[in-house]
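Report on the structure given below.
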Amino acid sequence: MVIEGVELRTAAPTDPDVLALTAAQQAELAGMYGDDQPLVGLHPDIRFTVLTLDGTAAGCVGLQPVAAGLGEIKRMYVTPAARGWGLSRVLLDAVESQARSDGLTTLRLETGLQQVEAIALYTNHGYRPTPPYPPFENSVASTCFAKDL
């Protein structure tokens with residue numbers, strides 16, 4: 001999918017755009033689920049893709065290694081002002097392409113039950129519900145998905 005004005009770039013977790021986008025995501029999630037939700041740490045080898053729209057950071061997604069052949073999608077986010085244009089599909093396609101290039105055969109993810117748009121995105125892209133994995137196995141607000149690439 002090509003959307004005019006969209007550019008993708010790889011970024012480290014310390015990139016200022018990644019930090020701003022993930023902070024905005026965490027604030028939005030706190031508004032949905034409360035401030036007591038644990039922030040799950042990121043693997044030191046995580047790599048982010050930042051999506052810019054007309055030069056402004058509008059979204060990001062992280063690809064975190066888990067085990068041989070397995071990766072996890074982390075911190076997928078599109079700013080509220082940029083939603084509804086298909087940018088989340090662009091990010092999901094990008095992270096899946098990166099995973100395949102890295103030799104990963106399966107991607108997994110966790111999202112919140114209140115995030116119905118995210119659940120629809122993932123299921124429409126072939127992700128299937130999977131039993132919760134640590135640290136989400138006891139979370140009543142979480143749901144997990146996986147996809148064989």
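Ordering of the structure tokens sets the chain letters (A, B, ...); residue numbers start at 1 within each chain; ligands are numbered from 1 in the order shown.
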
Subject >> Polymer residues at most 9 Å from Leu113 of chain A, only C-alpha atoms, same-chain spacing of 5 or more positions, as a ChimeraX atom specification >> reply: /A:119,140-143

Can I get the selected residues back with N, CA and C atoms, as a compact mmCIF listing (two decimals), in the first residue's frame?
# COMPACT_ATOMS: atom_id res chain seq x y z
N ILE A 119 -7.71 -5.08 17.37
CA ILE A 119 -8.08 -6.49 17.22
C ILE A 119 -8.57 -6.76 15.80
N VAL A 140 -6.55 -9.80 32.82
CA VAL A 140 -7.94 -9.89 32.36
C VAL A 140 -8.24 -8.88 31.26
N ALA A 141 -7.35 -7.91 31.05
CA ALA A 141 -7.58 -6.88 30.04
C ALA A 141 -6.85 -7.17 28.73
N SER A 142 -6.10 -8.26 28.67
CA SER A 142 -5.26 -8.56 27.50
C SER A 142 -5.82 -9.70 26.67
N THR A 143 -5.46 -9.67 25.40
CA THR A 143 -5.69 -10.78 24.50
C THR A 143 -4.45 -10.92 23.62

**OP:** Pick out the residues sitting within 9 Å of segment 76-87 of chain A, and hand them over as a PyMOL selection string; count only C-alpha atoms, and ignore anything fewer than 2 positions along from it in its own chain.
**Re:** chain A and resi 1+3+6+21-22+24-25+51+53+57-62+73-74+89-92

Write to file, as a PDB file, in the first residue's frame, the residues of the selection just made, with N, CA and C atoms.
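Output file result_7.pdb follows:
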ATOM      1  N   MET A   1       0.843  -1.169   0.000  1.00  0.00           N
ATOM      2  CA  MET A   1       0.000   0.000   0.000  1.00  0.00           C
ATOM      3  C   MET A   1       0.894   1.240   0.000  1.00  0.00           C
ATOM      4  N   ILE A   3       0.809   5.381   0.329  1.00  0.00           N
ATOM      5  CA  ILE A   3       0.050   6.564   0.707  1.00  0.00           C
ATOM      6  C   ILE A   3       0.973   7.755   0.531  1.00  0.00           C
ATOM      7  N   VAL A   6       3.973   9.456   2.941  1.00  0.00           N
ATOM      8  CA  VAL A   6       4.397   8.517   3.977  1.00  0.00           C
ATOM      9  C   VAL A   6       5.816   8.035   3.717  1.00  0.00           C
ATOM     10  N   LEU A  21       6.364   8.931  20.575  1.00  0.00           N
ATOM     11  CA  LEU A  21       5.219   8.129  20.153  1.00  0.00           C
ATOM     12  C   LEU A  21       4.851   7.078  21.200  1.00  0.00           C
ATOM     13  N   THR A  22       5.843   6.406  21.761  1.00  0.00           N
ATOM     14  CA  THR A  22       5.532   5.374  22.752  1.00  0.00           C
ATOM     15  C   THR A  22       5.021   5.998  24.056  1.00  0.00           C
ATOM     16  N   ALA A  24       3.177   8.723  24.142  1.00  0.00           N
ATOM     17  CA  ALA A  24       1.784   9.053  23.815  1.00  0.00           C
ATOM     18  C   ALA A  24       0.919   7.796  23.860  1.00  0.00           C
ATOM     19  N   GLN A  25       1.440   6.681  23.357  1.00  0.00           N
ATOM     20  CA  GLN A  25       0.704   5.420  23.389  1.00  0.00           C
ATOM     21  C   GLN A  25       0.424   5.005  24.830  1.00  0.00           C
ATOM     22  N   LEU A  51       6.957   5.746  11.172  1.00  0.00           N
ATOM     23  CA  LEU A  51       6.236   6.211   9.997  1.00  0.00           C
ATOM     24  C   LEU A  51       6.078   7.713  10.114  1.00  0.00           C
ATOM     25  N   LEU A  53       4.492  11.176   8.211  1.00  0.00           N
ATOM     26  CA  LEU A  53       3.496  11.650   7.259  1.00  0.00           C
ATOM     27  C   LEU A  53       3.805  13.115   7.005  1.00  0.00           C
ATOM     28  N   ALA A  57       6.382  12.635  12.502  1.00  0.00           N
ATOM     29  CA  ALA A  57       6.219  11.278  13.031  1.00  0.00           C
ATOM     30  C   ALA A  57       4.758  11.052  13.383  1.00  0.00           C
ATOM     31  N   ALA A  58       4.167  10.006  12.784  1.00  0.00           N
ATOM     32  CA  ALA A  58       2.740   9.731  12.975  1.00  0.00           C
ATOM     33  C   ALA A  58       2.484   8.328  13.510  1.00  0.00           C
ATOM     34  N   GLY A  59       3.513   7.480  13.559  1.00  0.00           N
ATOM     35  CA  GLY A  59       3.303   6.123  14.045  1.00  0.00           C
ATOM     36  C   GLY A  59       4.600   5.377  14.193  1.00  0.00           C
ATOM     37  N   CYS A  60       4.517   4.239  14.893  1.00  0.00           N
ATOM     38  CA  CYS A  60       5.692   3.401  15.070  1.00  0.00           C
ATOM     39  C   CYS A  60       5.265   1.977  15.382  1.00  0.00           C
ATOM     40  N   VAL A  61       6.201   1.070  15.218  1.00  0.00           N
ATOM     41  CA  VAL A  61       6.017  -0.323  15.600  1.00  0.00           C
ATOM     42  C   VAL A  61       7.390  -0.890  15.909  1.00  0.00           C
ATOM     43  N   GLY A  62       7.451  -1.739  16.932  1.00  0.00           N
ATOM     44  CA  GLY A  62       8.704  -2.389  17.291  1.00  0.00           C
ATOM     45  C   GLY A  62       8.659  -3.869  16.976  1.00  0.00           C
ATOM     46  N   ILE A  73       5.568  -8.242  18.172  1.00  0.00           N
ATOM     47  CA  ILE A  73       5.229  -6.870  17.811  1.00  0.00           C
ATOM     48  C   ILE A  73       4.992  -6.099  19.103  1.00  0.00           C
ATOM     49  N   LYS A  74       5.684  -4.971  19.244  1.00  0.00           N
ATOM     50  CA  LYS A  74       5.588  -4.157  20.454  1.00  0.00           C
ATOM     51  C   LYS A  74       5.335  -2.695  20.081  1.00  0.00           C
ATOM     52  N   ARG A  89      -1.975  -0.348   8.768  1.00  0.00           N
ATOM     53  CA  ARG A  89      -1.711  -1.451   7.832  1.00  0.00           C
ATOM     54  C   ARG A  89      -0.326  -1.315   7.220  1.00  0.00           C
ATOM     55  N   VAL A  90       0.090  -0.094   6.942  1.00  0.00           N
ATOM     56  CA  VAL A  90       1.434   0.143   6.403  1.00  0.00           C
ATOM     57  C   VAL A  90       2.479  -0.305   7.432  1.00  0.00           C
ATOM     58  N   LEU A  91       2.285   0.056   8.687  1.00  0.00           N
ATOM     59  CA  LEU A  91       3.222  -0.349   9.736  1.00  0.00           C
ATOM     60  C   LEU A  91       3.235  -1.860   9.923  1.00  0.00           C
ATOM     61  N   LEU A  92       2.068  -2.483   9.895  1.00  0.00           N
ATOM     62  CA  LEU A  92       2.003  -3.932  10.076  1.00  0.00           C
ATOM     63  C   LEU A  92       2.683  -4.652   8.921  1.00  0.00           C
TER      64      LEU A  92
END

Subject >> For Leu104 of chain A, the nearest of the candidates A:Glu117, A:Glu137, A:Gly69, A:Gly126, counting only C-alpha atoms >> reply: A:Gly69

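Neighbouring residues of Pro65 of chain A at 7 Å or closer, counting only C-alpha atoms and skipping chain neighbours under 5 positions away, are A:Asp45, A:Ile46, A:Leu70, A:Gly71, A:Glu72.
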
Subject >> Nearest to Gly41 of chain A by atom-to-atom distance, counting only C-alpha atoms, from A:Pro135, A:Ser88, A:Ala27, A:Gln98 >> reply: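 The answer is A:Pro135, which sits nearest to Gly41 of chain A.
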
**OP:** Just list the residues in segment 61-133 of chain A DSSP gives strand (DSSP E or B) on the backbone, as a PyMOL selection string.
**Re:** chain A and resi 61-67+70-78+106-112+128-130

Hey, what's within 12 Å of Asp15 of chain A if we count only C-alpha atoms and toss same-chain stuff fewer than 3 positions away? As a PDB file with C-alpha atoms, in the first residue's frame, please?
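Output file out.pdb follows:
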ATOM      1  CA  ARG A   9      12.618   4.533   8.651  1.00  0.00           C
ATOM      2  CA  THR A  10      14.297   2.175  11.075  1.00  0.00           C
ATOM      3  CA  ALA A  11      14.973   3.623  14.514  1.00  0.00           C
ATOM      4  CA  ALA A  12      16.474   2.661  17.849  1.00  0.00           C
ATOM      5  CA  VAL A  18      10.067   6.611  19.153  1.00  0.00           C
ATOM      6  CA  LEU A  19      10.201   7.987  22.690  1.00  0.00           C
ATOM      7  CA  ALA A  20       7.508  10.584  21.955  1.00  0.00           C
ATOM      8  CA  LEU A  21       5.219   8.129  20.153  1.00  0.00           C
ATOM      9  CA  THR A  22       5.532   5.374  22.752  1.00  0.00           C
ATOM     10  CA  ARG A  47      14.153  -2.315  16.416  1.00  0.00           C
ATOM     11  CA  PHE A  48      11.477   0.211  15.597  1.00  0.00           C
ATOM     12  CA  THR A  49      10.000   1.409  12.359  1.00  0.00           C
ATOM     13  CA  VAL A  50       8.865   5.030  12.458  1.00  0.00           C
ATOM     14  CA  ALA A  57       6.219  11.278  13.031  1.00  0.00           C
ATOM     15  CA  CYS A  60       5.692   3.401  15.070  1.00  0.00           C
TER      16      CYS A  60
END

Give me, as a PDB file with N, CA, C and O atoms, in the first residue's frame, all polymer residues having an atom no more than 10 Å from Met32 of chain A, counting only C-alpha atoms and skipping those fewer than 6 positions away in the same chain.
ATOM      1  N   GLN A  26       1.440   5.046  25.680  1.00  0.00           N
ATOM      2  CA  GLN A  26       1.275   4.629  27.064  1.00  0.00           C
ATOM      3  C   GLN A  26       0.275   5.525  27.794  1.00  0.00           C
ATOM      4  O   GLN A  26      -0.517   5.044  28.617  1.00  0.00           O
ATOM      5  N   GLY A 112      -4.986  -4.924  24.106  1.00  0.00           N
ATOM      6  CA  GLY A 112      -6.032  -4.841  25.115  1.00  0.00           C
ATOM      7  C   GLY A 112      -7.401  -5.153  24.541  1.00  0.00           C
ATOM      8  O   GLY A 112      -7.686  -4.873  23.377  1.00  0.00           O
ATOM      9  N   GLN A 114     -10.139  -3.710  25.043  1.00  0.00           N
ATOM     10  CA  GLN A 114     -10.889  -2.508  24.673  1.00  0.00           C
ATOM     11  C   GLN A 114     -10.434  -1.918  23.339  1.00  0.00           C
ATOM     12  O   GLN A 114     -11.089  -1.024  22.805  1.00  0.00           O
ATOM     13  N   GLN A 115      -9.346  -2.406  22.795  1.00  0.00           N
ATOM     14  CA  GLN A 115      -8.801  -1.867  21.547  1.00  0.00           C
ATOM     15  C   GLN A 115      -9.379  -2.636  20.354  1.00  0.00           C
ATOM     16  O   GLN A 115      -8.684  -3.366  19.658  1.00  0.00           O
TER      17      GLN A 115
END
